[in-house]
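Containing PDB, C-alpha atoms: final24.pdb.
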ATOM      1  CA  MET A   1      77.883  75.782 -53.918
ATOM      2  CA  PRO A   2      79.422  72.304 -54.159
ATOM      3  CA  ASN A   3      77.161  69.331 -54.551
ATOM      4  CA  ILE A   4      77.765  66.896 -51.743
ATOM      5  CA  THR A   5      76.601  63.322 -52.033
ATOM      6  CA  LYS A   6      75.762  61.985 -48.580
ATOM      7  CA  THR A   7      76.428  58.304 -48.949
ATOM      8  CA  GLU A   8      79.269  57.709 -46.514
ATOM      9  CA  ASN A   9      76.969  56.710 -43.650
ATOM     10  CA  LEU A  10      73.999  55.415 -45.638
ATOM     11  CA  SER A  11      74.500  51.716 -44.886
ATOM     12  CA  GLU A  12      75.038  52.607 -41.235
ATOM     13  CA  ILE A  13      71.710  54.486 -41.210
ATOM     14  CA  GLU A  14      69.911  51.633 -42.974
ATOM     15  CA  ASN A  15      71.261  49.119 -40.445
ATOM     16  CA  THR A  16      70.688  51.235 -37.321
ATOM     17  CA  LEU A  17      68.146  49.516 -35.107
ATOM     18  CA  VAL A  18      68.217  51.910 -32.149
ATOM     19  CA  ILE A  19      68.733  55.672 -31.972
ATOM     20  CA  THR A  20      69.674  57.399 -28.733
ATOM     21  CA  THR A  21      69.008  61.022 -27.833
ATOM     22  CA  ASN A  22      71.704  63.073 -26.085
ATOM     23  CA  ASN A  23      69.869  62.411 -22.800
ATOM     24  CA  GLY A  24      70.182  58.646 -23.290
ATOM     25  CA  ASN A  25      66.591  57.929 -24.332
ATOM     26  CA  THR A  26      66.424  55.178 -26.942
ATOM     27  CA  ASN A  27      63.961  54.451 -29.727
ATOM     28  CA  GLU A  28      63.742  52.080 -32.653
ATOM     29  CA  PRO A  29      63.443  53.952 -35.946
ATOM     30  CA  GLN A  30      61.656  52.343 -38.856
ATOM     31  CA  TYR A  31      61.287  53.297 -42.484
ATOM     32  CA  GLU A  32      57.934  54.818 -43.401
ATOM     33  CA  MET A  33      57.115  54.619 -47.122
ATOM     34  CA  PHE A  34      55.681  57.504 -49.103
ATOM     35  CA  ASP A  35      55.147  58.129 -52.797
ATOM     36  CA  GLY A  36      58.659  57.903 -54.251
ATOM     37  CA  PHE A  37      60.665  58.088 -51.007
ATOM     38  CA  LYS A  38      61.049  56.664 -47.533
ATOM     39  CA  ILE A  39      62.412  58.057 -44.287
ATOM     40  CA  LYS A  40      63.175  56.584 -40.851
ATOM     41  CA  ILE A  41      60.904  57.816 -38.080
ATOM     42  CA  PRO A  42      61.073  56.818 -34.391
ATOM     43  CA  SER A  43      58.640  53.921 -33.908
ATOM     44  CA  GLU A  44      57.163  55.538 -30.765
ATOM     45  CA  PHE A  45      55.903  58.448 -32.907
ATOM     46  CA  LYS A  46      52.255  58.226 -33.948
ATOM     47  CA  ILE A  47      50.316  60.101 -36.613
ATOM     48  CA  MET A  48      48.919  63.348 -35.178
ATOM     49  CA  ASN A  49      45.137  63.669 -35.460
ATOM     50  CA  ASP A  50      43.645  66.493 -37.529
ATOM     51  CA  GLU A  51      42.338  68.429 -34.517
ATOM     52  CA  ILE A  52      45.809  68.726 -32.998
ATOM     53  CA  VAL A  53      47.355  69.473 -36.412
ATOM     54  CA  ASN A  54      44.957  72.421 -36.805
ATOM     55  CA  VAL A  55      45.907  73.743 -33.342
ATOM     56  CA  LYS A  56      49.659  73.302 -33.904
ATOM     57  CA  TYR A  57      49.601  74.717 -37.438
ATOM     58  CA  PRO A  58      46.916  77.427 -37.193
ATOM     59  CA  ASN A  59      48.001  79.603 -40.120
ATOM     60  CA  GLY A  60      46.368  77.373 -42.722
ATOM     61  CA  ASN A  61      49.648  75.844 -43.903
ATOM     62  CA  ALA A  62      49.111  72.530 -42.175
ATOM     63  CA  PRO A  63      51.398  69.691 -43.315
ATOM     64  CA  SER A  64      49.983  66.668 -45.125
ATOM     65  CA  LEU A  65      51.003  64.303 -42.336
ATOM     66  CA  VAL A  66      52.641  64.714 -38.914
ATOM     67  CA  TYR A  67      54.319  62.015 -36.830
ATOM     68  CA  THR A  68      54.638  63.050 -33.186
ATOM     69  CA  ASN A  69      55.682  61.867 -29.736
ATOM     70  CA  ASP A  70      53.046  61.259 -27.062
ATOM     71  CA  LYS A  71      53.267  64.876 -25.799
ATOM     72  CA  THR A  72      53.098  66.327 -29.355
ATOM     73  CA  THR A  73      56.272  68.324 -28.627
ATOM     74  CA  ILE A  74      58.550  66.544 -31.104
ATOM     75  CA  ASN A  75      57.274  66.250 -34.664
ATOM     76  CA  VAL A  76      58.207  65.012 -38.107
ATOM     77  CA  ALA A  77      55.911  66.889 -40.490
ATOM     78  CA  LEU A  78      55.619  66.038 -44.175
ATOM     79  CA  VAL A  79      54.363  68.335 -46.906
ATOM     80  CA  MET A  80      53.262  66.373 -49.971
ATOM     81  CA  ASN A  81      51.164  68.618 -52.169
ATOM     82  CA  ASP A  82      50.690  69.217 -55.888
ATOM     83  CA  VAL A  83      53.154  72.104 -56.219
ATOM     84  CA  THR A  84      55.251  71.496 -59.319
ATOM     85  CA  MET A  85      58.983  71.497 -58.575
ATOM     86  CA  LYS A  86      61.707  70.105 -60.783
ATOM     87  CA  ASN A  87      64.887  68.669 -59.325
ATOM     88  CA  ASN A  88      66.967  71.534 -60.764
ATOM     89  CA  GLN A  89      64.731  74.142 -59.040
ATOM     90  CA  ILE A  90      65.346  72.949 -55.459
ATOM     91  CA  GLU A  91      68.356  75.150 -54.719
ATOM     92  CA  GLU A  92      66.623  78.329 -55.921
ATOM     93  CA  TYR A  93      63.448  77.419 -53.996
ATOM     94  CA  VAL A  94      65.354  76.791 -50.752
ATOM     95  CA  LYS A  95      67.240  80.074 -51.101
ATOM     96  CA  THR A  96      63.871  81.833 -51.482
ATOM     97  CA  MET A  97      62.630  80.043 -48.347
ATOM     98  CA  GLU A  98      65.797  81.158 -46.552
ATOM     99  CA  SER A  99      65.171  84.829 -47.361
ATOM    100  CA  THR A 100      61.617  84.458 -45.993
ATOM    101  CA  TYR A 101      62.704  82.725 -42.780
ATOM    102  CA  LYS A 102      65.489  85.279 -42.206
ATOM    103  CA  ASN A 103      62.718  87.819 -41.543
ATOM    104  CA  TYR A 104      61.845  86.068 -38.293
ATOM    105  CA  SER A 105      64.801  83.801 -37.535
ATOM    106  CA  LYS A 106      68.343  84.921 -36.918
ATOM    107  CA  ASP A 107      70.088  81.574 -37.313
ATOM    108  CA  VAL A 108      69.157  80.065 -40.696
ATOM    109  CA  LYS A 109      71.729  77.494 -41.898
ATOM    110  CA  LEU A 110      71.611  76.037 -45.414
ATOM    111  CA  ASN A 111      73.129  72.928 -46.919
ATOM    112  CA  PHE A 112      72.681  71.285 -50.314
ATOM    113  CA  TRP A 113      73.405  67.660 -51.139
ATOM    114  CA  GLU A 114      72.332  64.884 -53.429
ATOM    115  CA  ARG A 115      71.107  61.326 -53.066
ATOM    116  CA  ASN A 116      70.133  59.022 -55.948
ATOM    117  CA  ASN A 117      70.222  62.007 -58.343
ATOM    118  CA  HIS A 118      67.771  63.956 -56.159
ATOM    119  CA  LYS A 119      68.926  67.412 -55.101
ATOM    120  CA  ILE A 120      68.135  68.065 -51.451
ATOM    121  CA  GLY A 121      68.043  71.464 -49.805
ATOM    122  CA  GLU A 122      68.491  71.362 -46.045
ATOM    123  CA  MET A 123      67.699  74.180 -43.597
ATOM    124  CA  GLU A 124      68.052  74.522 -39.833
ATOM    125  CA  PHE A 125      66.708  77.451 -37.816
ATOM    126  CA  THR A 126      64.642  78.443 -34.806
ATOM    127  CA  THR A 127      61.418  80.431 -34.908
ATOM    128  CA  GLN A 128      59.196  81.941 -32.226
ATOM    129  CA  GLY A 129      56.182  79.751 -31.446
ATOM    130  CA  SER A 130      53.163  80.832 -29.414
ATOM    131  CA  ASP A 131      54.887  80.152 -26.080
ATOM    132  CA  THR A 132      58.467  79.037 -26.858
ATOM    133  CA  GLU A 133      61.099  78.947 -29.578
ATOM    134  CA  ILE A 134      60.854  76.082 -32.070
ATOM    135  CA  TYR A 135      63.861  74.309 -33.615
ATOM    136  CA  ASN A 136      63.243  73.315 -37.274
ATOM    137  CA  HIS A 137      65.310  70.969 -39.425
ATOM    138  CA  ILE A 138      63.849  70.805 -42.930
ATOM    139  CA  ILE A 139      64.759  68.996 -46.119
ATOM    140  CA  THR A 140      63.204  69.999 -49.433
ATOM    141  CA  PHE A 141      63.315  67.866 -52.563
ATOM    142  CA  SER A 142      61.392  66.878 -55.668
ATOM    143  CA  VAL A 143      59.716  63.535 -56.355
ATOM    144  CA  ASN A 144      58.057  63.039 -59.742
ATOM    145  CA  ASP A 145      58.336  66.817 -60.301
ATOM    146  CA  LYS A 146      56.355  67.553 -57.114
ATOM    147  CA  LEU A 147      57.671  69.557 -54.145
ATOM    148  CA  ARG A 148      58.227  67.543 -50.963
ATOM    149  CA  LEU A 149      59.306  68.745 -47.517
ATOM    150  CA  VAL A 150      60.173  66.882 -44.340
ATOM    151  CA  ASN A 151      60.368  69.078 -41.222
ATOM    152  CA  PHE A 152      61.655  67.786 -37.900
ATOM    153  CA  ASN A 153      60.691  70.259 -35.184
ATOM    154  CA  CYS A 154      60.769  70.448 -31.400
ATOM    155  CA  THR A 155      60.936  73.105 -28.711
ATOM    156  CA  LYS A 156      64.272  74.855 -28.264
ATOM    157  CA  GLU A 157      64.482  73.270 -24.789
ATOM    158  CA  GLN A 158      64.451  69.814 -26.406
ATOM    159  CA  MET A 159      66.859  70.766 -29.199
ATOM    160  CA  SER A 160      70.042  69.697 -27.397
ATOM    161  CA  GLU A 161      68.534  66.261 -26.743
ATOM    162  CA  TRP A 162      66.965  65.707 -30.174
ATOM    163  CA  ARG A 163      69.220  67.524 -32.678
ATOM    164  CA  GLU A 164      71.318  64.433 -33.487
ATOM    165  CA  VAL A 165      68.128  62.409 -33.953
ATOM    166  CA  SER A 166      66.849  65.053 -36.382
ATOM    167  CA  LYS A 167      70.078  64.693 -38.381
ATOM    168  CA  PHE A 168      69.616  60.901 -38.413
ATOM    169  CA  ILE A 169      66.021  61.224 -39.657
ATOM    170  CA  VAL A 170      66.969  63.709 -42.396
ATOM    171  CA  ASP A 171      69.986  61.637 -43.467
ATOM    172  CA  SER A 172      67.861  58.466 -43.686
ATOM    173  CA  ILE A 173      65.951  59.616 -46.771
ATOM    174  CA  MET A 174      65.928  57.108 -49.632
ATOM    175  CA  PHE A 175      64.338  57.354 -53.052
ATOM    176  CA  GLU A 176      62.683  54.597 -55.086
TER     177      GLU A 176
END
Before we go any further, please render this structure as C-alpha cells.
Amino acid sequence: MPNITKTENLSEIENTLVITTNNGNTNEPQYEMFDGFKIKIPSEFKIMNDEIVNVKYPNGNAPSLVYTNDKTTINVALVMNDVTMKNNQIEEYVKTMESTYKNYSKDVKLNFWERNNHKIGEMEFTTQGSDTEIYNHIITFSVNDKLRLVNFNCTKEQMSEWREVSKFIVDSIMFE
C-alpha cells in the first residue's frame, strides 16, 4: 500500500477559521492540545461528562476523553491509554481492527498516510448502535510509542451533514 503524505491542504486547515456542514451550519474549530499531538475540534463541542460517557460506551471500552455537541449525537472521542504501539506497527494494527469491524460492519474503508513521520491508519464504517446506525471515522497512530485513536462518530442520519467536517477534523492532526 503506498504511503501518502497529506500535506497539500495542511496550511489551509491550519488557517481555516470556520467550518460549514453540508446543511450550512457553521462552527469555529480550534486546536486542542494533547500529549504529543493536536487536533482541531469544533469550538461548540464540550467535554462529555463521565455519566454520559458510561451510557454511550457501555461495553467497558470507554474513550479517555469525548468532545460532543449539545445533544451528544456528534462526538470526537480520543483513546489515550498505555498500550505500547510503535510507528511501524500501525498498519498491521489497523488491518487487525478492520477484520474485527468487518464482523459487524459491511462498509469498512481503510486508508494509510503519513504526517511528520507518523504513520496514520484511517478507517470509515458504520455500526449498529442501540437505536440507530453510527458512522465512525477513526484515525490510529503512535505517539511516544503509545497507541492513540481519534474517533469522530455521529448517527447515520447526520452523516451526510457532518462527513466533510469529520474529514477536516481527521486531516487537522499535527504532531509536536
Checklist line | Distance query A:Glu98 at most 9 Å, only C-alpha atoms, self and fewer than 4 positions along chain excluded, as number ranges by chain | finding: A: 93-94, 102-103, 108-110, 123
Kindly list the centre and edge lengths in Å, rounded to one decimal, for the axis-aligned box that covers all listed atoms of stretch 158-169 of chain A plus 5 Å on each of its six sides, as AutoDock Vina command-line options.
--center_x 67.9 --center_y 65.8 --center_z -33.0 --size_x 16.9 --size_y 19.9 --size_z 23.3
Next item on the list: Name the residues captured by the PyMOL selection byres ((chain A and resi 22) around 12) when it is applied to the shown file; answer as a ChimeraX atom specification.
Entry: /A:19-21,23-26,158-166
Go ahead and save the residues from that selection, with C-alpha atoms, as an mmCIF file, in the coordinates of the input.
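Result written to again-v8.cif:
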data_model
loop_
_atom_site.group_PDB
_atom_site.id
_atom_site.type_symbol
_atom_site.label_atom_id
_atom_site.label_comp_id
_atom_site.auth_asym_id
_atom_site.auth_seq_id
_atom_site.Cartn_x
_atom_site.Cartn_y
_atom_site.Cartn_z
ATOM 1 C CA ILE A 19 68.733 55.672 -31.972
ATOM 2 C CA THR A 20 69.674 57.399 -28.733
ATOM 3 C CA THR A 21 69.008 61.022 -27.833
ATOM 4 C CA ASN A 23 69.869 62.411 -22.800
ATOM 5 C CA GLY A 24 70.182 58.646 -23.290
ATOM 6 C CA ASN A 25 66.591 57.929 -24.332
ATOM 7 C CA THR A 26 66.424 55.178 -26.942
ATOM 8 C CA GLN A 158 64.451 69.814 -26.406
ATOM 9 C CA MET A 159 66.859 70.766 -29.199
ATOM 10 C CA SER A 160 70.042 69.697 -27.397
ATOM 11 C CA GLU A 161 68.534 66.261 -26.743
ATOM 12 C CA TRP A 162 66.965 65.707 -30.174
ATOM 13 C CA ARG A 163 69.220 67.524 -32.678
ATOM 14 C CA GLU A 164 71.318 64.433 -33.487
ATOM 15 C CA VAL A 165 68.128 62.409 -33.953
ATOM 16 C CA SER A 166 66.849 65.053 -36.382
#
Item checked: Test item: which residues lie within 6 Å of (68.6, 72.2, -44.9) counting only C-alpha atoms, as a list in words ->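 Here the neighbourhood of the point contains Leu110, Asn111, Gly121, Glu122, Met123, Glu124, Ile138 and Ile139 of chain A.
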Notebook entry, point to check: Can you tell me how far atom CA of A:Asn87 sits from atom CA of A:His118, in Å to one decimal?
Noted result: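 Computing the Euclidean distance for atom CA of A:Asn87 and atom CA of A:His118 yields 6.4 Å.
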Checklist line | Interatomic distance, atom CA of A:Glu28 to atom CA of A:Asn75 (Å, one decimal) | finding: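 Atom-to-atom, atom CA of A:Glu28 to atom CA of A:Asn75, that is 15.7 Å.
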Filtering to C-alpha atoms, could stretch 5-61 of chain A of the supplied structure be written out as a JSON list (two decimals), in the first residue's frame?
[["chain", "number", "residue", "atom", "x", "y", "z"],
["A", 5, "THR", "CA", 1.75, 12.22, 2.83],
["A", 6, "LYS", "CA", -1.23, 14.50, 3.40],
["A", 7, "THR", "CA", 0.33, 17.92, 3.33],
["A", 8, "GLU", "CA", -1.29, 19.54, 0.32],
["A", 9, "ASN", "CA", -4.07, 21.16, 2.35],
["A", 10, "LEU", "CA", -2.32, 21.46, 5.71],
["A", 11, "SER", "CA", -1.83, 25.24, 5.66],
["A", 12, "GLU", "CA", -5.43, 25.61, 4.52],
["A", 13, "ILE", "CA", -6.58, 23.52, 7.51],
["A", 14, "GLU", "CA", -4.38, 25.47, 9.92],
["A", 15, "ASN", "CA", -5.77, 28.78, 8.63],
["A", 16, "THR", "CA", -9.43, 27.73, 8.48],
["A", 17, "LEU", "CA", -11.42, 29.81, 10.94],
["A", 18, "VAL", "CA", -14.91, 28.50, 10.14],
["A", 19, "ILE", "CA", -16.12, 25.06, 9.06],
["A", 20, "THR", "CA", -19.52, 24.56, 7.46],
["A", 21, "THR", "CA", -21.56, 21.36, 7.47],
["A", 22, "ASN", "CA", -23.36, 20.25, 4.30],
["A", 23, "ASN", "CA", -26.56, 21.74, 5.77],
["A", 24, "GLY", "CA", -24.91, 25.17, 6.07],
["A", 25, "ASN", "CA", -24.33, 25.16, 9.84],
["A", 26, "THR", "CA", -21.08, 26.90, 10.74],
["A", 27, "ASN", "CA", -18.66, 26.46, 13.62],
["A", 28, "GLU", "CA", -15.24, 27.74, 14.56],
["A", 29, "PRO", "CA", -12.76, 24.90, 15.01],
["A", 30, "GLN", "CA", -9.85, 25.31, 17.38],
["A", 31, "TYR", "CA", -6.79, 23.22, 18.07],
["A", 32, "GLU", "CA", -6.95, 21.16, 21.26],
["A", 33, "MET", "CA", -3.54, 20.08, 22.57],
["A", 34, "PHE", "CA", -2.79, 16.59, 23.82],
["A", 35, "ASP", "CA", 0.40, 14.77, 24.73],
["A", 36, "GLY", "CA", 2.43, 14.86, 21.51],
["A", 37, "PHE", "CA", -0.33, 15.92, 19.09],
["A", 38, "LYS", "CA", -3.10, 18.41, 18.47],
["A", 39, "ILE", "CA", -6.34, 18.26, 16.51],
["A", 40, "LYS", "CA", -8.99, 20.82, 15.53],
["A", 41, "ILE", "CA", -12.35, 20.32, 17.22],
["A", 42, "PRO", "CA", -15.48, 22.46, 16.72],
["A", 43, "SER", "CA", -15.48, 25.11, 19.46],
["A", 44, "GLU", "CA", -19.16, 24.44, 20.27],
["A", 45, "PHE", "CA", -18.24, 20.89, 21.36],
["A", 46, "LYS", "CA", -17.81, 20.41, 25.10],
["A", 47, "ILE", "CA", -16.20, 17.60, 27.08],
["A", 48, "MET", "CA", -18.76, 14.86, 27.79],
["A", 49, "ASN", "CA", -19.23, 14.10, 31.48],
["A", 50, "ASP", "CA", -18.38, 10.63, 32.81],
["A", 51, "GLU", "CA", -22.01, 9.64, 33.41],
["A", 52, "ILE", "CA", -22.94, 10.18, 29.77],
["A", 53, "VAL", "CA", -19.70, 8.54, 28.59],
["A", 54, "ASN", "CA", -20.62, 5.40, 30.56],
["A", 55, "VAL", "CA", -24.11, 5.35, 28.99],
["A", 56, "LYS", "CA", -22.81, 5.96, 25.44],
["A", 57, "TYR", "CA", -19.93, 3.49, 25.75],
["A", 58, "PRO", "CA", -21.43, 0.75, 27.96],
["A", 59, "ASN", "CA", -19.15, -2.13, 26.96],
["A", 60, "GLY", "CA", -16.31, -1.02, 29.22],
["A", 61, "ASN", "CA", -14.19, 0.37, 26.38]]
